[in-house]
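Here is the structure we will look at.
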Amino acid sequence: MQEKKALKEEKLKQEEKYMWAIVDGVKEKVGNFRVEPPGLFRGRGEHPKMGKLKKRIHPRDIIINIGEDAPVPECPIPGERWKEIRHDNTVTWLCYWSDPINPKLFKYVFLAASSSLKGQSDKEKYEKARLLKDYIENIRAAYTKDFTSKDITKQQIAVATYLIDKLALRAGNEKDDDEADTVGCCTLKVENVTREAPNKLQFNFLGKDSIKYENTVEVELPVYNAILKFQKDKGPSDDLFDKLDTNKLNTHLKELMPGLTAKVFRTYNASFTLDDKLAKDTKDGDVAEKMVVYNHANKEVAIICNHQRSVSKSHSAQMTKLNEKIDELQAVLKELKVDLDRARKGKPPTKSSDGKSKRNLAPEALEKKISQTNAKVEKMRRDMMTKEDLKTIALGTSKLNYLDPRITVAWCKRHEVPIEKIFNKSLIAKFAWAMDVDPDFRF
DNA sequence: CCAGAGACTTGGAAAAATCTTG
DNA sequence: CAAGATTTTTCCAAGTCTCTGG
């Protein structure tokens with residue numbers, strides 16, 4: 001126990017010198033500063049490079065970015081040296097090296113999420129999403145008009161934008177053959193969308209991280225007809241939007257709003273939904289009740305964004321266990337009721353199942369016990385429902401990446417919910433820039 | 001335009017830390 | 001206080017999007 005703690009402190013001390021960077025005179029936390037150890041590459045889904053050997057990274061692979069007059073960090077491996085030292089103040093990375101699996105890609109060391117640099121860009125991201133509020137009406141009107149455009153490129157842009165707006169789909173960049181075969185909006189294949197007359201579309205594809213997206217939605221008739229047209233005379237594996245790629249789409253979006261790209265819709269959709277749900281569903285009540293409302297809104301966002309997780313290995317065992325516990329409590333309840341009846345008649349309580357005799361309790365005391373046990377059973381039932389309900393839904397991703405923290409902070413202030421109930425320590429650090437928001441803030 | 005290089009955000013799984021409970 | 005459950009952190013893969021040079 002003691003040794004463990006000492007060991008941990010020793011490790012921390014060793015790493016301390018790698019944990020901070022001075023940026024414009026301010027000491028900022030560094031993100032992950034370790035190179036990845038050699039091993040076998042584990043891609044996700046059907047990755048062509050699965051199991052490939054990932055070779056060791058050496059100092060000679062690493063390019064360092066540091067201030068002109070700052071001392072260059074000492075190379076930790078004797079006899080070796082860094083690949084290159086750069087002084088580029090137009091980028092935020094502290095160093096990078098080539099990805100050993102795909103040399104066209106790079107691995108970077110950046111500042112931590114809690115740094116002011118990341119915080120500032122996070123805030124800008126949400127401000128951009130908020131700006132979309134002012135444009136969304138026109139954007140929707142514009143693409144609705146183009147659902148029937150005779151210019152097929154325009155028509156495809158309109159339908160794609162609609163799907164990104166309505167379903168929070170990702171943009172869908174082109175992928176190489178040496179990557180897992182997944183799609184986003186612009187890369188949807190004919191086979192990923194099935195029409196269900198008269199006006200439903202059934203989506204079925206593998207998205208980012210090869211997570212399955214399955215959703216059937218009712219759409220406007222012109223959209224349905226446009227999809228019909230885009231699918232006509234094509235094979236199942238042909239591109240649905242053959243006149244489109246993310247570049248064309250984003251170029252078009254930028255004409256509608258400065259800085260607008262496809263991913264902004266996801267942020268907008270997520271944050272707008274949270275703000276809206278919280279405003280509509282928050283009632284008077286204690287902190288626990290308000291947290292139920294928050295988590296419910298959070299869940300809705302996670303479903304919109306299709307943030308999934310695999311069911312934990314022990315899930316069904318845990319459910320069984322909880323059920324057994326409830327059964328036990330039910331038995332206890334039954335016995336308490338019998339004893340209550342007897343107590344009211346002045347009789348002594350029954351013997352407990354193991355044969356021991358119980359204390360002689362007043363009816364009032366038994367009543368209290370019964371209501372306590374009832375409450376316990378109710379709580380367990382609720383916990384079980386929530387657990388089952390959330391077994392495949394990941395709430396964390398949206399909290400970390402899509403929900404404007406100012407919505408949460410302001411809501412907490414308005415409803416006297418301590419922020420620590422919603423954000424853990426690292427989220428509070430990451431969202432430091434949002435903590436002093438006005439309680440009246442709305443997304 | 002267009003492809004490729006580059007830089008940054010987003011993502012789920014697994015490991016580690018912490019909390020709960022019998 | 002240990003086992004189990006839950007939460008947090010770490011890990012690193014996989015996206016998005018910009019920029020640049022031809």
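Please note that chains go A, B, ... in the order of the structure tokens, that every chain numbers its residues from 1, and that ligands are numbered from 1 in the order shown.
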DSSP-assigned helix (DSSP H, G or I) among region 203-315 of chain A, expressed as a PyMOL selection string: chain A and resi 208-210+221-231+246-256+262-281+287-304+315
Using backbone DSSP assignments, extract all strand (DSSP E) residues from region 94-136 of chain A; output them as a ChimeraX atom specification. /A:95-98,106-109
Export, as a PDB file, in the first residue's frame, the selected residues with C-alpha atoms.
ATOM      1  CA  CYS A  95       6.655  17.350 -31.653  1.00  0.00           C
ATOM      2  CA  TYR A  96       5.622  14.721 -34.164  1.00  0.00           C
ATOM      3  CA  TRP A  97       6.775  11.588 -35.896  1.00  0.00           C
ATOM      4  CA  SER A  98       5.586   9.415 -38.735  1.00  0.00           C
ATOM      5  CA  PHE A 106       1.722  11.574 -38.294  1.00  0.00           C
ATOM      6  CA  LYS A 107       1.528  11.246 -34.572  1.00  0.00           C
ATOM      7  CA  TYR A 108       1.608  14.478 -32.589  1.00  0.00           C
ATOM      8  CA  VAL A 109       2.225  15.700 -29.091  1.00  0.00           C
TER       9      VAL A 109
END
Using only C-alpha atoms (C1' of nucleotides) and a distance of at most 8 Å, pull out the residues of chain A that contact chain B, as a count of residues only. 8
Proximal residues of chain A relative to chain C (only C-alpha atoms (C1' of nucleotides); 9 Å) as a list in words: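 The complete set of qualifying residues is Asn32, Glu36, Arg42, Gly43, Arg44, Arg170, Ala171, Gly172, Asn173, Lys208, Asp209, Asn247, Asn250, Thr261, Ala262, Lys263, Gln318, Asn424 and Ser426 of chain A.
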Export of the given selection (N, CA, C and O atoms) as a JSON list (two decimals), in the first residue's frame:
[["chain", "number", "residue", "atom", "x", "y", "z"],
["A", 32, "ASN", "N", -0.64, 13.88, -24.12],
["A", 32, "ASN", "CA", 0.13, 12.64, -24.07],
["A", 32, "ASN", "C", 1.50, 12.86, -24.68],
["A", 32, "ASN", "O", 1.62, 13.21, -25.84],
["A", 36, "GLU", "N", 4.23, 5.72, -28.84],
["A", 36, "GLU", "CA", 3.53, 4.44, -28.65],
["A", 36, "GLU", "C", 4.54, 3.31, -28.70],
["A", 36, "GLU", "O", 5.40, 3.29, -29.58],
["A", 42, "ARG", "N", -3.76, -2.73, -33.97],
["A", 42, "ARG", "CA", -5.14, -3.22, -33.84],
["A", 42, "ARG", "C", -6.07, -2.18, -34.42],
["A", 42, "ARG", "O", -6.47, -1.25, -33.74],
["A", 43, "GLY", "N", -6.36, -2.33, -35.68],
["A", 43, "GLY", "CA", -7.32, -1.42, -36.29],
["A", 43, "GLY", "C", -8.70, -1.80, -35.85],
["A", 43, "GLY", "O", -8.90, -2.83, -35.20],
["A", 44, "ARG", "N", -9.69, -0.98, -36.17],
["A", 44, "ARG", "CA", -11.06, -1.32, -35.80],
["A", 44, "ARG", "C", -11.83, -1.78, -37.04],
["A", 44, "ARG", "O", -11.54, -1.36, -38.15],
["A", 170, "ARG", "N", -21.91, 12.36, -40.30],
["A", 170, "ARG", "CA", -20.59, 12.95, -40.53],
["A", 170, "ARG", "C", -20.44, 13.26, -42.02],
["A", 170, "ARG", "O", -21.16, 12.71, -42.86],
["A", 171, "ALA", "N", -19.44, 14.10, -42.34],
["A", 171, "ALA", "CA", -19.25, 14.55, -43.72],
["A", 171, "ALA", "C", -19.00, 13.37, -44.65],
["A", 171, "ALA", "O", -19.63, 13.25, -45.70],
["A", 172, "GLY", "N", -18.06, 12.50, -44.29],
["A", 172, "GLY", "CA", -17.76, 11.33, -45.12],
["A", 172, "GLY", "C", -16.69, 11.59, -46.16],
["A", 172, "GLY", "O", -16.97, 11.65, -47.35],
["A", 173, "ASN", "N", -15.44, 11.73, -45.69],
["A", 173, "ASN", "CA", -14.32, 11.89, -46.62],
["A", 173, "ASN", "C", -14.04, 10.58, -47.35],
["A", 173, "ASN", "O", -14.38, 9.51, -46.86],
["A", 208, "LYS", "N", -17.82, 5.88, -38.63],
["A", 208, "LYS", "CA", -16.52, 6.00, -37.96],
["A", 208, "LYS", "C", -16.32, 4.88, -36.93],
["A", 208, "LYS", "O", -17.25, 4.54, -36.20],
["A", 209, "ASP", "N", -15.10, 4.35, -36.90],
["A", 209, "ASP", "CA", -14.75, 3.26, -36.00],
["A", 209, "ASP", "C", -15.55, 1.99, -36.28],
["A", 209, "ASP", "O", -15.68, 1.12, -35.43],
["A", 247, "ASN", "N", -15.26, 18.11, -50.05],
["A", 247, "ASN", "CA", -14.72, 19.40, -50.45],
["A", 247, "ASN", "C", -15.76, 20.27, -51.13],
["A", 247, "ASN", "O", -15.92, 21.45, -50.79],
["A", 250, "ASN", "N", -18.39, 21.30, -48.50],
["A", 250, "ASN", "CA", -17.95, 22.35, -47.58],
["A", 250, "ASN", "C", -17.76, 23.69, -48.29],
["A", 250, "ASN", "O", -18.01, 24.75, -47.71],
["A", 261, "THR", "N", -18.83, 24.31, -42.01],
["A", 261, "THR", "CA", -18.47, 23.02, -42.60],
["A", 261, "THR", "C", -19.47, 21.99, -42.08],
["A", 261, "THR", "O", -20.29, 22.28, -41.20],
["A", 262, "ALA", "N", -19.37, 20.77, -42.62],
["A", 262, "ALA", "CA", -20.36, 19.75, -42.29],
["A", 262, "ALA", "C", -20.38, 19.42, -40.80],
["A", 262, "ALA", "O", -21.45, 19.22, -40.21],
["A", 263, "LYS", "N", -19.22, 19.37, -40.17],
["A", 263, "LYS", "CA", -19.20, 18.93, -38.77],
["A", 263, "LYS", "C", -19.87, 19.92, -37.82],
["A", 263, "LYS", "O", -20.28, 19.56, -36.72],
["A", 318, "GLN", "N", -24.72, -9.01, -13.98],
["A", 318, "GLN", "CA", -25.06, -7.93, -13.04],
["A", 318, "GLN", "C", -26.57, -7.75, -12.94],
["A", 318, "GLN", "O", -27.12, -7.52, -11.86],
["A", 424, "ASN", "N", -16.76, 15.89, -14.17],
["A", 424, "ASN", "CA", -15.69, 15.43, -13.28],
["A", 424, "ASN", "C", -14.53, 16.42, -13.32],
["A", 424, "ASN", "O", -14.58, 17.43, -14.01],
["A", 426, "SER", "N", -11.57, 16.46, -14.62],
["A", 426, "SER", "CA", -10.91, 16.84, -15.88],
["A", 426, "SER", "C", -11.83, 17.63, -16.80],
["A", 426, "SER", "O", -11.35, 18.49, -17.54]]
Would you work out the distance separating CA of Ala279 (chain A) from CA of Leu167 (chain A), expressed in Å to one decimal?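 That distance, rounded to one decimal, is 22.0 Å.
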Excluding Met435 (chain A) and any residue of its chain fewer than 3 positions from it, enumerate the residues within 9 Å of it, using only C-alpha atoms (C1' of nucleotides), and give them as a PyMOL selection string. chain A and resi 405-406+409-410+428+431-432+438
Selected residues written out with C-alpha atoms, as a JSON list (two decimals), in the first residue's frame:
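Just written: out_16.json:
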[["chain", "number", "residue", "atom", "x", "y", "z"],
["A", 405, "PRO", "CA", -20.25, 23.41, -21.60],
["A", 406, "ARG", "CA", -21.79, 26.80, -21.02],
["A", 409, "VAL", "CA", -22.75, 25.42, -16.36],
["A", 410, "ALA", "CA", -25.53, 27.97, -16.75],
["A", 428, "ILE", "CA", -14.03, 21.10, -15.16],
["A", 431, "PHE", "CA", -14.04, 23.69, -19.59],
["A", 432, "ALA", "CA", -12.42, 26.27, -17.34],
["A", 438, "ASP", "CA", -23.84, 34.07, -17.04]]
May I ask for the distance between CA of Thr153 (chain A) and CA of Ala226 (chain A), given in Å to one decimal place?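 Computing it gives 11.6 Å between the two atoms.
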Interatomic distance between CA of Leu169 (chain A) and CA of Cys185 (chain A)?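 Distance between the two atoms: 5.9 Å.
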